[in-house]
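Student: If it helps, the file is called start-v2.pdb and holds PDB, N, CA and C atoms:
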ATOM      1  N   MET A 956       7.650  13.470   5.184  1.00  0.00           N
ATOM      2  CA  MET A 956       7.075  14.578   4.453  1.00  0.00           C
ATOM      3  C   MET A 956       5.585  14.672   4.814  1.00  0.00           C
ATOM      4  N   ASN A 957       5.124  15.893   5.079  1.00  0.00           N
ATOM      5  CA  ASN A 957       3.705  16.041   5.397  1.00  0.00           C
ATOM      6  C   ASN A 957       2.884  16.087   4.108  1.00  0.00           C
ATOM      7  N   GLY A 958       1.585  16.025   4.224  1.00  0.00           N
ATOM      8  CA  GLY A 958       0.714  15.934   3.055  1.00  0.00           C
ATOM      9  C   GLY A 958      -0.027  17.207   2.733  1.00  0.00           C
ATOM     10  N   GLN A 959       0.609  18.371   2.973  1.00  0.00           N
ATOM     11  CA  GLN A 959      -0.079  19.640   2.761  1.00  0.00           C
ATOM     12  C   GLN A 959       0.045  20.183   1.340  1.00  0.00           C
ATOM     13  N   ASN A 960       1.022  19.706   0.576  1.00  0.00           N
ATOM     14  CA  ASN A 960       1.229  20.205  -0.786  1.00  0.00           C
ATOM     15  C   ASN A 960       0.767  19.172  -1.809  1.00  0.00           C
ATOM     16  N   ARG A 961      -0.144  19.605  -2.687  1.00  0.00           N
ATOM     17  CA  ARG A 961      -0.703  18.709  -3.698  1.00  0.00           C
ATOM     18  C   ARG A 961       0.390  18.176  -4.634  1.00  0.00           C
ATOM     19  N   SER A 962       1.398  19.005  -4.897  1.00  0.00           N
ATOM     20  CA  SER A 962       2.463  18.622  -5.829  1.00  0.00           C
ATOM     21  C   SER A 962       3.300  17.449  -5.315  1.00  0.00           C
ATOM     22  N   ASP A 963       3.269  17.186  -3.996  1.00  0.00           N
ATOM     23  CA  ASP A 963       4.043  16.078  -3.414  1.00  0.00           C
ATOM     24  C   ASP A 963       3.325  14.739  -3.508  1.00  0.00           C
ATOM     25  N   ILE A 964       2.033  14.775  -3.892  1.00  0.00           N
ATOM     26  CA  ILE A 964       1.200  13.566  -3.849  1.00  0.00           C
ATOM     27  C   ILE A 964       0.808  13.153  -5.258  1.00  0.00           C
ATOM     28  N   ARG A 965       0.912  11.856  -5.527  1.00  0.00           N
ATOM     29  CA  ARG A 965       0.489  11.345  -6.830  1.00  0.00           C
ATOM     30  C   ARG A 965      -0.033   9.918  -6.639  1.00  0.00           C
ATOM     31  N   PRO A 966      -0.878   9.464  -7.541  1.00  0.00           N
ATOM     32  CA  PRO A 966      -1.392   8.084  -7.439  1.00  0.00           C
ATOM     33  C   PRO A 966      -0.244   7.079  -7.379  1.00  0.00           C
ATOM     34  N   GLY A 967      -0.407   6.072  -6.540  1.00  0.00           N
ATOM     35  CA  GLY A 967       0.608   5.036  -6.387  1.00  0.00           C
ATOM     36  C   GLY A 967       1.490   5.210  -5.168  1.00  0.00           C
ATOM     37  N   LEU A 968       1.476   6.404  -4.547  1.00  0.00           N
ATOM     38  CA  LEU A 968       2.280   6.615  -3.346  1.00  0.00           C
ATOM     39  C   LEU A 968       1.625   5.957  -2.142  1.00  0.00           C
ATOM     40  N   GLU A 969       2.444   5.455  -1.231  1.00  0.00           N
ATOM     41  CA  GLU A 969       1.927   4.930   0.033  1.00  0.00           C
ATOM     42  C   GLU A 969       1.901   6.079   1.035  1.00  0.00           C
ATOM     43  N   VAL A 970       0.758   6.257   1.694  1.00  0.00           N
ATOM     44  CA  VAL A 970       0.564   7.383   2.602  1.00  0.00           C
ATOM     45  C   VAL A 970      -0.164   6.933   3.870  1.00  0.00           C
ATOM     46  N   ASP A 971      -0.057   7.760   4.902  1.00  0.00           N
ATOM     47  CA  ASP A 971      -0.895   7.631   6.097  1.00  0.00           C
ATOM     48  C   ASP A 971      -1.920   8.749   6.032  1.00  0.00           C
ATOM     49  N   ILE A 972      -3.207   8.388   6.175  1.00  0.00           N
ATOM     50  CA  ILE A 972      -4.273   9.387   6.168  1.00  0.00           C
ATOM     51  C   ILE A 972      -5.050   9.314   7.472  1.00  0.00           C
ATOM     52  N   VAL A 973      -5.761  10.400   7.763  1.00  0.00           N
ATOM     53  CA  VAL A 973      -6.698  10.383   8.881  1.00  0.00           C
ATOM     54  C   VAL A 973      -8.098  10.442   8.281  1.00  0.00           C
ATOM     55  N   LEU A 974      -8.914   9.448   8.625  1.00  0.00           N
ATOM     56  CA  LEU A 974     -10.291   9.383   8.143  1.00  0.00           C
ATOM     57  C   LEU A 974     -11.140  10.392   8.908  1.00  0.00           C
ATOM     58  N   LYS A 975     -12.262  10.826   8.311  1.00  0.00           N
ATOM     59  CA  LYS A 975     -13.151  11.804   8.945  1.00  0.00           C
ATOM     60  C   LYS A 975     -13.542  11.370  10.362  1.00  0.00           C
ATOM     61  N   GLN A 976     -13.928  10.104  10.516  1.00  0.00           N
ATOM     62  CA  GLN A 976     -14.385   9.635  11.821  1.00  0.00           C
ATOM     63  C   GLN A 976     -13.240   9.497  12.833  1.00  0.00           C
ATOM     64  N   ASP A 977     -11.984   9.545  12.353  1.00  0.00           N
ATOM     65  CA  ASP A 977     -10.824   9.408  13.234  1.00  0.00           C
ATOM     66  C   ASP A 977     -10.136  10.736  13.531  1.00  0.00           C
ATOM     67  N   GLN A 978     -10.716  11.854  13.071  1.00  0.00           N
ATOM     68  CA  GLN A 978     -10.061  13.152  13.262  1.00  0.00           C
ATOM     69  C   GLN A 978      -9.861  13.488  14.736  1.00  0.00           C
ATOM     70  N   ALA A 979     -10.834  13.167  15.567  1.00  0.00           N
ATOM     71  CA  ALA A 979     -10.728  13.490  16.995  1.00  0.00           C
ATOM     72  C   ALA A 979      -9.608  12.693  17.672  1.00  0.00           C
ATOM     73  N   SER A 980      -9.475  11.417  17.319  1.00  0.00           N
ATOM     74  CA  SER A 980      -8.466  10.565  17.953  1.00  0.00           C
ATOM     75  C   SER A 980      -7.107  10.682  17.264  1.00  0.00           C
ATOM     76  N   GLY A 981      -7.098  11.075  15.994  1.00  0.00           N
ATOM     77  CA  GLY A 981      -5.851  11.173  15.248  1.00  0.00           C
ATOM     78  C   GLY A 981      -5.342   9.839  14.726  1.00  0.00           C
ATOM     79  N   LYS A 982      -6.176   8.798  14.779  1.00  0.00           N
ATOM     80  CA  LYS A 982      -5.784   7.463  14.302  1.00  0.00           C
ATOM     81  C   LYS A 982      -5.480   7.510  12.804  1.00  0.00           C
ATOM     82  N   LEU A 983      -4.351   6.926  12.416  1.00  0.00           N
ATOM     83  CA  LEU A 983      -3.926   6.948  11.016  1.00  0.00           C
ATOM     84  C   LEU A 983      -4.264   5.633  10.326  1.00  0.00           C
ATOM     85  N   THR A 984      -4.548   5.741   9.033  1.00  0.00           N
ATOM     86  CA  THR A 984      -4.827   4.593   8.181  1.00  0.00           C
ATOM     87  C   THR A 984      -3.822   4.614   7.039  1.00  0.00           C
ATOM     88  N   ARG A 985      -3.158   3.494   6.792  1.00  0.00           N
ATOM     89  CA  ARG A 985      -2.139   3.418   5.739  1.00  0.00           C
ATOM     90  C   ARG A 985      -2.731   2.826   4.475  1.00  0.00           C
ATOM     91  N   GLY A 986      -2.318   3.369   3.327  1.00  0.00           N
ATOM     92  CA  GLY A 986      -2.790   2.826   2.065  1.00  0.00           C
ATOM     93  C   GLY A 986      -2.103   3.483   0.884  1.00  0.00           C
ATOM     94  N   THR A 987      -2.542   3.110  -0.310  1.00  0.00           N
ATOM     95  CA  THR A 987      -1.976   3.609  -1.556  1.00  0.00           C
ATOM     96  C   THR A 987      -2.955   4.573  -2.211  1.00  0.00           C
ATOM     97  N   VAL A 988      -2.451   5.724  -2.643  1.00  0.00           N
ATOM     98  CA  VAL A 988      -3.292   6.759  -3.249  1.00  0.00           C
ATOM     99  C   VAL A 988      -3.846   6.274  -4.592  1.00  0.00           C
ATOM    100  N   LYS A 989      -5.162   6.405  -4.751  1.00  0.00           N
ATOM    101  CA  LYS A 989      -5.811   6.122  -6.025  1.00  0.00           C
ATOM    102  C   LYS A 989      -6.175   7.428  -6.730  1.00  0.00           C
ATOM    103  N   ASP A 990      -6.847   8.344  -6.005  1.00  0.00           N
ATOM    104  CA  ASP A 990      -7.274   9.629  -6.571  1.00  0.00           C
ATOM    105  C   ASP A 990      -6.944  10.755  -5.606  1.00  0.00           C
ATOM    106  N   ILE A 991      -6.617  11.922  -6.168  1.00  0.00           N
ATOM    107  CA  ILE A 991      -6.437  13.137  -5.370  1.00  0.00           C
ATOM    108  C   ILE A 991      -7.729  13.935  -5.480  1.00  0.00           C
ATOM    109  N   LEU A 992      -8.348  14.241  -4.329  1.00  0.00           N
ATOM    110  CA  LEU A 992      -9.658  14.886  -4.330  1.00  0.00           C
ATOM    111  C   LEU A 992      -9.600  16.391  -4.085  1.00  0.00           C
ATOM    112  N   THR A 993      -8.518  16.899  -3.499  1.00  0.00           N
ATOM    113  CA  THR A 993      -8.370  18.332  -3.257  1.00  0.00           C
ATOM    114  C   THR A 993      -7.837  18.997  -4.518  1.00  0.00           C
ATOM    115  N   ASN A 994      -8.508  20.081  -4.941  1.00  0.00           N
ATOM    116  CA  ASN A 994      -8.079  20.791  -6.147  1.00  0.00           C
ATOM    117  C   ASN A 994      -7.049  21.880  -5.870  1.00  0.00           C
ATOM    118  N   SER A 995      -7.074  22.467  -4.672  1.00  0.00           N
ATOM    119  CA  SER A 995      -6.154  23.564  -4.376  1.00  0.00           C
ATOM    120  C   SER A 995      -4.715  23.035  -4.242  1.00  0.00           C
ATOM    121  N   PRO A 996      -3.716  23.878  -4.518  1.00  0.00           N
ATOM    122  CA  PRO A 996      -2.322  23.414  -4.476  1.00  0.00           C
ATOM    123  C   PRO A 996      -1.822  23.108  -3.069  1.00  0.00           C
ATOM    124  N   ARG A 997      -2.523  23.633  -2.036  1.00  0.00           N
ATOM    125  CA  ARG A 997      -2.088  23.447  -0.647  1.00  0.00           C
ATOM    126  C   ARG A 997      -3.301  23.412   0.268  1.00  0.00           C
ATOM    127  N   HIS A 998      -3.223  22.625   1.336  1.00  0.00           N
ATOM    128  CA  HIS A 998      -4.301  22.609   2.335  1.00  0.00           C
ATOM    129  C   HIS A 998      -3.671  22.406   3.711  1.00  0.00           C
ATOM    130  N   PRO A 999      -4.007  23.269   4.691  1.00  0.00           N
ATOM    131  CA  PRO A 999      -3.344  23.200   6.003  1.00  0.00           C
ATOM    132  C   PRO A 999      -3.605  21.905   6.784  1.00  0.00           C
ATOM    133  N   HIS A1000      -4.709  21.218   6.505  1.00  0.00           N
ATOM    134  CA  HIS A1000      -5.024  19.979   7.225  1.00  0.00           C
ATOM    135  C   HIS A1000      -4.632  18.735   6.436  1.00  0.00           C
ATOM    136  N   GLY A1001      -4.050  18.916   5.251  1.00  0.00           N
ATOM    137  CA  GLY A1001      -3.646  17.790   4.427  1.00  0.00           C
ATOM    138  C   GLY A1001      -4.513  17.667   3.185  1.00  0.00           C
ATOM    139  N   ILE A1002      -3.926  17.189   2.116  1.00  0.00           N
ATOM    140  CA  ILE A1002      -4.634  16.991   0.852  1.00  0.00           C
ATOM    141  C   ILE A1002      -5.561  15.785   0.997  1.00  0.00           C
ATOM    142  N   LYS A1003      -6.798  15.941   0.538  1.00  0.00           N
ATOM    143  CA  LYS A1003      -7.767  14.840   0.635  1.00  0.00           C
ATOM    144  C   LYS A1003      -7.569  13.888  -0.541  1.00  0.00           C
ATOM    145  N   VAL A1004      -7.487  12.588  -0.222  1.00  0.00           N
ATOM    146  CA  VAL A1004      -7.268  11.563  -1.248  1.00  0.00           C
ATOM    147  C   VAL A1004      -8.212  10.383  -1.033  1.00  0.00           C
ATOM    148  N   ARG A1005      -8.372   9.594  -2.091  1.00  0.00           N
ATOM    149  CA  ARG A1005      -9.071   8.304  -2.002  1.00  0.00           C
ATOM    150  C   ARG A1005      -8.011   7.231  -2.169  1.00  0.00           C
ATOM    151  N   LEU A1006      -8.005   6.265  -1.264  1.00  0.00           N
ATOM    152  CA  LEU A1006      -7.068   5.148  -1.342  1.00  0.00           C
ATOM    153  C   LEU A1006      -7.607   4.076  -2.276  1.00  0.00           C
ATOM    154  N   THR A1007      -6.761   3.135  -2.651  1.00  0.00           N
ATOM    155  CA  THR A1007      -7.190   2.033  -3.511  1.00  0.00           C
ATOM    156  C   THR A1007      -8.255   1.192  -2.815  1.00  0.00           C
ATOM    157  N   SER A1008      -8.303   1.249  -1.466  1.00  0.00           N
ATOM    158  CA  SER A1008      -9.315   0.516  -0.694  1.00  0.00           C
ATOM    159  C   SER A1008     -10.672   1.222  -0.715  1.00  0.00           C
ATOM    160  N   GLY A1009     -10.703   2.469  -1.230  1.00  0.00           N
ATOM    161  CA  GLY A1009     -11.945   3.230  -1.276  1.00  0.00           C
ATOM    162  C   GLY A1009     -12.104   4.201  -0.122  1.00  0.00           C
ATOM    163  N   GLN A1010     -11.225   4.127   0.869  1.00  0.00           N
ATOM    164  CA  GLN A1010     -11.306   5.036   2.010  1.00  0.00           C
ATOM    165  C   GLN A1010     -10.845   6.429   1.609  1.00  0.00           C
ATOM    166  N   VAL A1011     -11.490   7.453   2.202  1.00  0.00           N
ATOM    167  CA  VAL A1011     -11.180   8.843   1.890  1.00  0.00           C
ATOM    168  C   VAL A1011     -10.725   9.545   3.161  1.00  0.00           C
ATOM    169  N   GLY A1012      -9.627  10.287   3.056  1.00  0.00           N
ATOM    170  CA  GLY A1012      -9.131  11.042   4.203  1.00  0.00           C
ATOM    171  C   GLY A1012      -8.056  12.019   3.787  1.00  0.00           C
ATOM    172  N   ARG A1013      -7.524  12.723   4.781  1.00  0.00           N
ATOM    173  CA  ARG A1013      -6.487  13.726   4.530  1.00  0.00           C
ATOM    174  C   ARG A1013      -5.108  13.152   4.828  1.00  0.00           C
ATOM    175  N   VAL A1014      -4.165  13.412   3.934  1.00  0.00           N
ATOM    176  CA  VAL A1014      -2.804  12.873   4.042  1.00  0.00           C
ATOM    177  C   VAL A1014      -2.074  13.550   5.201  1.00  0.00           C
ATOM    178  N   LYS A1015      -1.509  12.727   6.078  1.00  0.00           N
ATOM    179  CA  LYS A1015      -0.705  13.231   7.196  1.00  0.00           C
ATOM    180  C   LYS A1015       0.787  12.950   6.968  1.00  0.00           C
ATOM    181  N   HIS A1016       1.112  11.804   6.349  1.00  0.00           N
ATOM    182  CA  HIS A1016       2.516  11.443   6.087  1.00  0.00           C
ATOM    183  C   HIS A1016       2.598  10.766   4.717  1.00  0.00           C
ATOM    184  N   ILE A1017       3.630  11.124   3.966  1.00  0.00           N
ATOM    185  CA  ILE A1017       3.920  10.464   2.691  1.00  0.00           C
ATOM    186  C   ILE A1017       5.073   9.497   2.949  1.00  0.00           C
ATOM    187  N   LEU A1018       4.849   8.218   2.652  1.00  0.00           N
ATOM    188  CA  LEU A1018       5.841   7.189   2.961  1.00  0.00           C
ATOM    189  C   LEU A1018       6.698   6.824   1.761  1.00  0.00           C
ATOM    190  N   GLY A1019       6.132   6.858   0.563  1.00  0.00           N
ATOM    191  CA  GLY A1019       6.892   6.502  -0.634  1.00  0.00           C
ATOM    192  C   GLY A1019       6.068   5.660  -1.583  1.00  0.00           C
ATOM    193  N   PRO A1020       6.692   5.238  -2.689  1.00  0.00           N
ATOM    194  CA  PRO A1020       5.953   4.468  -3.709  1.00  0.00           C
ATOM    195  C   PRO A1020       5.627   3.053  -3.249  1.00  0.00           C
TER     196      PRO A1020
END
In structure tokens, what does this structure look like?
Tutor:
Amino acid sequence: MNGQNRSDIRPGLEVDIVLKQDQASGKLTRGTVKDILTNSPRHPHGIKVRLTSGQVGRVKHILGP
């Protein structure tokens, strides 16, 4: 599942995100969602989240709880 719909994402889910500095390379970072930072219901580049590790990026893949 891609990370473009806010309704698909909730705290506690394991996701792959792309960090700002990794956008050019497309390198993914895996972690657990702590906060959802995007307010709009949909975003074409992925919903922005903060992981429990403190890293912030846009969701590319939703893996599960």
Student: Show me, as a list in words, the residues that have an atom within 6 Å of stretch 988-1004 of chain A when counting all atoms listed in the file, minus same-chain residues fewer than 6 positions from it.
Tutor: Gly958, Gln959, Asn960, Arg961, Ser962, Arg965, Pro966, Gly967, Leu968, Glu969, Val970, Gln1010, Val1011, Gly1012, Arg1013, Val1014 and Lys1015 of chain A
Student: Please return, as a PyMOL selection string, all residues of chain A that DSSP assigns to strand (DSSP E or B) on the basis of the backbone.
Tutor: chain A and resi 960+969-974+983-991+997+1003-1006+1011-1019
Student: Which polymer residues, whether protein, DNA or RNA, lie within 10 Å of the coordinate (-5.5, -3.7, 4.7) when you count only C-alpha atoms? List them as a list in words, using the chain letters and numbers from the file.
Tutor: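 Protein and nucleic acid residues near the point are Thr984, Arg985, Gly986 and Ser1008 of chain A.
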Student: State, in Å with one decimal place, the distance from atom C of A:Met956 to atom C of A:Gln978.
Tutor: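 So the answer is 18.4 Å.
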Student: Can you tell me how far atom C of A:Asp971 sits from atom C of A:Asn957, in Å to one decimal?
Tutor: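 For atom C of A:Asp971 relative to atom C of A:Asn957, the distance reads 9.0 Å.
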Student: Nearest to A:Ile964 among A:Gln976, A:Gly981, A:Gly1009, A:Ile1017, with distances taken over all atoms listed in the file: which residue is it?
Tutor: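 Residue with the minimum atom-to-atom distance to A:Ile964: A:Ile1017.
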Student: In chain A, what's helix (DSSP H, G or I) per DSSP? Answer as a list in words?
Tutor: Arg961, Ser962, Asp963, Lys975, Gln976 and Asp977 of chain A
Student: Distance atom C of A:Ala979-atom C of A:Gly1019, one decimal place?
Tutor: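 About the pair atom C of A:Ala979 and atom C of A:Gly1019: they are 25.8 Å apart.
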Student: Please return the centre and edge lengths, in Å to one decimal, of a box with edges along x, y and z that contains all listed atoms of stretch 956-967 of chain A, widened by 8 Å on every side, as AutoDock Vina command-line options.
Tutor:
--center_x 3.1 --center_y 12.6 --center_z -1.1 --size_x 25.0 --size_y 31.2 --size_z 28.9
